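Asks: One structure follows; several queries about it will come next.
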Amino acid sequence: MKARFLITTAVLALAGTTAVGAPPALSPADQSAAFKAAGFQLKGKRWQACDDPSPSYVPGAIQPVGDLNGDGLPEAIVTEGGSFCYGNTGAGYGLVSKQPDGRWRLMTSGTGLLNVLDTKGTGNWPDLEIGGPGFCFPVERWNGRQYALHRHQYEGKPCRRK
């Protein structure tokens with residue numbers, strides 16, 4: 001199973017950069033709305049969901065990922081980094097989607113590095129692998145209401161968590 005959006009791209013998003021060939025950046029208004037939908041607040045000049053006091057903290061960043069579900073509207077991954085809030089994984093994510101009425105909706109969020117897969121769930125939403133420490137990662141699938149655990153995999157092959 002080939003990943004369409006590699007974990008390394010999520011790491012680049014934590015650094016505030018974009019991947020080559022990435023979708024165009026969101027407008028400032030859409031960026032603000034996407035951050036807010038993901039539970040972030042503007043503190044000074046940076047967006048934060050976590051009040052991490054450590055020097056290794058990486059403030060919120062947005063990685064536009066284009067139209068993941070084929071509805072003609074953009075989705076984006078909002079990331080933040082730091083072990084104070086995200087433990088050994090050191091990263092948190094939120095997948096947000098622009099709705100037909102212009103608002104942004106949080107589709108899922110959690111601790112880890114988001115990897116968008118080619119496989120699909122209900123409504124053409126892609127499966128999401130949640131990376132982090134270890135070798136057997138959860139894959140969530142959209143069921144029409146929410147992203148929920150569907151399987152575990154490592155390098156595209158089924159595995160069992162111990």
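Each chain in the structure tokens gets a letter, A, B and so on, in the order shown; residues start at 1 in every chain, and ligands are counted from 1 in the order they appear.
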Give me the residues within 7 Å of Gly112 (chain A) as a list in words, counting only C-alpha atoms and dropping any in the same chain fewer than 5 places off.

Replies: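 Using only C-alpha atoms, the neighbours found are Thr89, Ala91, Gly92, Tyr93, Ile130, Gly131 and Gly132 of chain A.
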
Asks: Would you save the residues from that selection as a PDB file, in the first residue's frame, using N, CA and C atoms?

Replies:
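As a result, selection_2.pdb now contains:
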```pdb
ATOM      1  N   THR A  89       6.392  10.933  21.200  1.00  0.00           N
ATOM      2  CA  THR A  89       6.108  11.193  19.796  1.00  0.00           C
ATOM      3  C   THR A  89       6.554  12.602  19.424  1.00  0.00           C
ATOM      4  N   ALA A  91       4.863  15.196  18.655  1.00  0.00           N
ATOM      5  CA  ALA A  91       4.081  15.907  17.636  1.00  0.00           C
ATOM      6  C   ALA A  91       2.596  15.644  17.816  1.00  0.00           C
ATOM      7  N   GLY A  92       1.820  16.660  17.501  1.00  0.00           N
ATOM      8  CA  GLY A  92       0.371  16.539  17.493  1.00  0.00           C
ATOM      9  C   GLY A  92      -0.148  17.006  16.148  1.00  0.00           C
ATOM     10  N   TYR A  93      -1.339  16.556  15.784  1.00  0.00           N
ATOM     11  CA  TYR A  93      -1.916  16.900  14.488  1.00  0.00           C
ATOM     12  C   TYR A  93      -3.421  17.132  14.607  1.00  0.00           C
ATOM     13  N   ILE A 130      -1.326   6.787  11.793  1.00  0.00           N
ATOM     14  CA  ILE A 130      -0.834   7.670  12.840  1.00  0.00           C
ATOM     15  C   ILE A 130       0.535   7.155  13.283  1.00  0.00           C
ATOM     16  N   GLY A 131       1.586   7.820  12.818  1.00  0.00           N
ATOM     17  CA  GLY A 131       2.944   7.390  13.105  1.00  0.00           C
ATOM     18  C   GLY A 131       3.453   7.925  14.429  1.00  0.00           C
ATOM     19  N   GLY A 132       4.486   7.274  14.900  1.00  0.00           N
ATOM     20  CA  GLY A 132       5.128   7.660  16.139  1.00  0.00           C
ATOM     21  C   GLY A 132       6.188   6.637  16.484  1.00  0.00           C
TER      22      GLY A 132
END
```

Asks: At a cut-off of 10 Å, using only C-alpha atoms, what residues contact Gly144 (chain A)? Leave out same-chain residues fewer than 4 positions from it and give the result as a PDB file with C-alpha atoms, in the first residue's frame.

Replies:
```
ATOM      1  CA  GLY A 121     -13.385   4.982   3.812  1.00  0.00           C
ATOM      2  CA  THR A 122     -16.930   6.330   3.626  1.00  0.00           C
ATOM      3  CA  GLY A 123     -17.421   9.457   1.504  1.00  0.00           C
ATOM      4  CA  ASN A 124     -14.082   8.926  -0.268  1.00  0.00           C
ATOM      5  CA  TRP A 125     -12.133  10.044   2.822  1.00  0.00           C
TER       6      TRP A 125
END
```

Asks: At what distance in Å, to one decimal, does CA of Leu128 (chain A) lie from CA of Arg103 (chain A)?

Replies: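 Distance reported for this atom pair: 22.5 Å.
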
Asks: Fewer than 5 positions away in the same chain doesn't count, so skip those; otherwise give me all residues within 6 Å of Ser97 (chain A), counting only C-alpha atoms, as a VMD selection string.

Replies: chain A and resid 75 104 to 105

Asks: Atoms to include: N, CA and C atoms. Write the selected residues as a CSV table (one decimal), in the first residue's frame.

Replies:
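New file result05.csv:
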```csv
chain,number,residue,atom,x,y,z
A,75,GLU,N,-8.5,20.6,2.3
A,75,GLU,CA,-8.2,20.1,3.6
A,75,GLU,C,-6.8,20.5,4.0
A,104,TRP,N,-14.5,25.9,8.7
A,104,TRP,CA,-13.6,24.8,8.8
A,104,TRP,C,-14.1,23.8,9.9
A,105,ARG,N,-13.9,22.5,9.6
A,105,ARG,CA,-14.4,21.5,10.5
A,105,ARG,C,-13.2,20.6,10.9
```

Asks: Near Glu129 (chain A), within 7 Å and counting only C-alpha atoms, which residues show up once chain neighbours fewer than 3 positions away are dropped, as a CSV table (one decimal) with C-alpha atoms, in the first residue's frame?

Replies:
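Final output, saved to out.csv:
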```
chain,number,residue,atom,x,y,z
A,114,LEU,CA,-0.3,11.9,10.2
A,115,ASN,CA,0.3,9.8,7.1
A,116,VAL,CA,-2.5,10.1,4.5
A,117,LEU,CA,-3.0,6.7,2.7
A,137,PHE,CA,0.9,2.0,13.7
A,138,PRO,CA,-2.8,2.5,14.0
A,139,VAL,CA,-4.8,3.2,10.8
A,140,GLU,CA,-8.0,5.2,11.2
```

Asks: Could you tell me which of A:Gly70, A:Ala34, A:Glu155, A:Val58 comes closest to Tyr86 (chain A) if we count only C-alpha atoms?

Replies: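 For Tyr86 (chain A), the nearest of the given residues is A:Val58.
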
Asks: With distances taken over only C-alpha atoms, which residue among A:Gly81, A:Gly44, A:Gly156, A:Pro64 lies nearest Thr119 (chain A)?

Replies: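 Closest residue, counting only C-alpha atoms: A:Gly156.
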
Asks: As a CSV table (one decimal) with C-alpha atoms, in the first residue's frame, please: every residue in chain A that a backbone DSSP assignment puts in strand (DSSP E or B).

Replies:
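Resulting contents of selection.csv:
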```
chain,number,residue,atom,x,y,z
A,3,ALA,CA,1.3,6.4,1.0
A,4,ARG,CA,0.2,9.5,-0.9
A,5,PHE,CA,1.4,11.8,1.9
A,41,GLN,CA,-5.3,30.0,19.8
A,42,LEU,CA,-3.3,32.9,18.6
A,43,LYS,CA,-0.8,33.8,21.3
A,46,ARG,CA,2.1,32.2,16.9
A,47,TRP,CA,-0.7,29.7,17.0
A,48,GLN,CA,-0.7,27.2,19.9
A,58,VAL,CA,7.5,23.9,17.7
A,59,PRO,CA,4.5,26.3,17.3
A,60,GLY,CA,1.5,25.5,15.1
A,61,ALA,CA,1.9,25.1,11.4
A,62,ILE,CA,-0.4,24.4,8.5
A,63,GLN,CA,0.3,21.9,5.7
A,64,PRO,CA,-2.3,22.3,3.0
A,65,VAL,CA,-2.9,18.9,1.5
A,66,GLY,CA,-5.4,19.7,-1.2
A,75,GLU,CA,-8.2,20.1,3.6
A,76,ALA,CA,-5.2,20.9,5.7
A,77,ILE,CA,-3.1,19.2,8.5
A,78,VAL,CA,-2.4,21.5,11.4
A,79,THR,CA,0.7,20.4,13.4
A,80,GLU,CA,2.5,21.3,16.6
A,81,GLY,CA,5.5,19.8,18.3
A,91,ALA,CA,4.1,15.9,17.6
A,92,GLY,CA,0.4,16.5,17.5
A,93,TYR,CA,-1.9,16.9,14.5
A,94,GLY,CA,-5.4,18.0,13.4
A,95,LEU,CA,-7.0,17.3,10.1
A,96,VAL,CA,-9.3,20.1,9.1
A,97,SER,CA,-11.7,20.4,6.2
A,98,LYS,CA,-13.3,23.4,4.6
A,104,TRP,CA,-13.6,24.8,8.8
A,105,ARG,CA,-14.4,21.5,10.5
A,106,LEU,CA,-12.0,19.4,12.6
A,107,MET,CA,-12.2,15.8,11.2
A,108,THR,CA,-9.7,14.2,13.6
A,109,SER,CA,-6.8,15.1,15.9
A,110,GLY,CA,-4.3,13.4,18.2
A,111,THR,CA,-0.7,12.7,19.1
A,113,LEU,CA,2.5,12.1,12.7
A,114,LEU,CA,-0.3,11.9,10.2
A,115,ASN,CA,0.3,9.8,7.1
A,116,VAL,CA,-2.5,10.1,4.5
A,117,LEU,CA,-3.0,6.7,2.7
A,118,ASP,CA,-4.4,5.8,-0.7
A,119,THR,CA,-7.1,3.5,0.8
A,120,LYS,CA,-10.5,5.1,1.4
A,126,PRO,CA,-8.6,8.6,2.9
A,127,ASP,CA,-7.4,6.3,5.6
A,128,LEU,CA,-4.9,7.8,8.0
A,129,GLU,CA,-1.9,6.1,9.5
A,130,ILE,CA,-0.8,7.7,12.8
A,131,GLY,CA,2.9,7.4,13.1
A,137,PHE,CA,0.9,2.0,13.7
A,138,PRO,CA,-2.8,2.5,14.0
A,139,VAL,CA,-4.8,3.2,10.8
A,140,GLU,CA,-8.0,5.2,11.2
A,141,ARG,CA,-10.9,5.1,8.6
A,142,TRP,CA,-13.7,7.6,8.2
A,147,TYR,CA,-12.3,8.6,12.1
A,148,ALA,CA,-12.1,5.4,14.0
A,149,LEU,CA,-9.5,2.6,14.4
A,150,HIS,CA,-9.6,0.3,11.4
A,151,ARG,CA,-6.4,-1.7,11.6
A,152,HIS,CA,-2.7,-1.6,12.4
A,153,GLN,CA,0.2,-1.7,9.9
A,154,TYR,CA,3.9,-1.3,9.4
A,157,LYS,CA,1.7,-4.7,6.0
A,158,PRO,CA,-0.7,-5.8,8.8
```

Asks: If you run DSSP on the backbone, which residues of region 66-159 of chain A are alpha helix (DSSP H), as JSON, numbers by chain?

Replies: {"A": [83, 84, 85, 86]}

Asks: Those same residues, written as a PDB file, in the first residue's frame with C-alpha atoms?

Replies:
```pdb
ATOM      1  CA  SER A  83       7.401  16.516  24.238  1.00  0.00           C
ATOM      2  CA  PHE A  84       5.742  18.476  27.055  1.00  0.00           C
ATOM      3  CA  CYS A  85       2.308  17.950  25.466  1.00  0.00           C
ATOM      4  CA  TYR A  86       2.955  15.090  23.032  1.00  0.00           C
TER       5      TYR A  86
END
```

Asks: What's the separation between CA of Cys159 (chain A) and CA of Cys136 (chain A), in Å to one decimal place?

Replies: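 Computing it gives 5.9 Å between the two atoms.
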
Asks: Figure out the distance between CA of Tyr57 (chain A) and CA of Pro23 (chain A), please, to one decimal in Å.

Replies: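 Interatomic distance, CA of Pro23 (chain A) to CA of Tyr57 (chain A): 26.1 Å.
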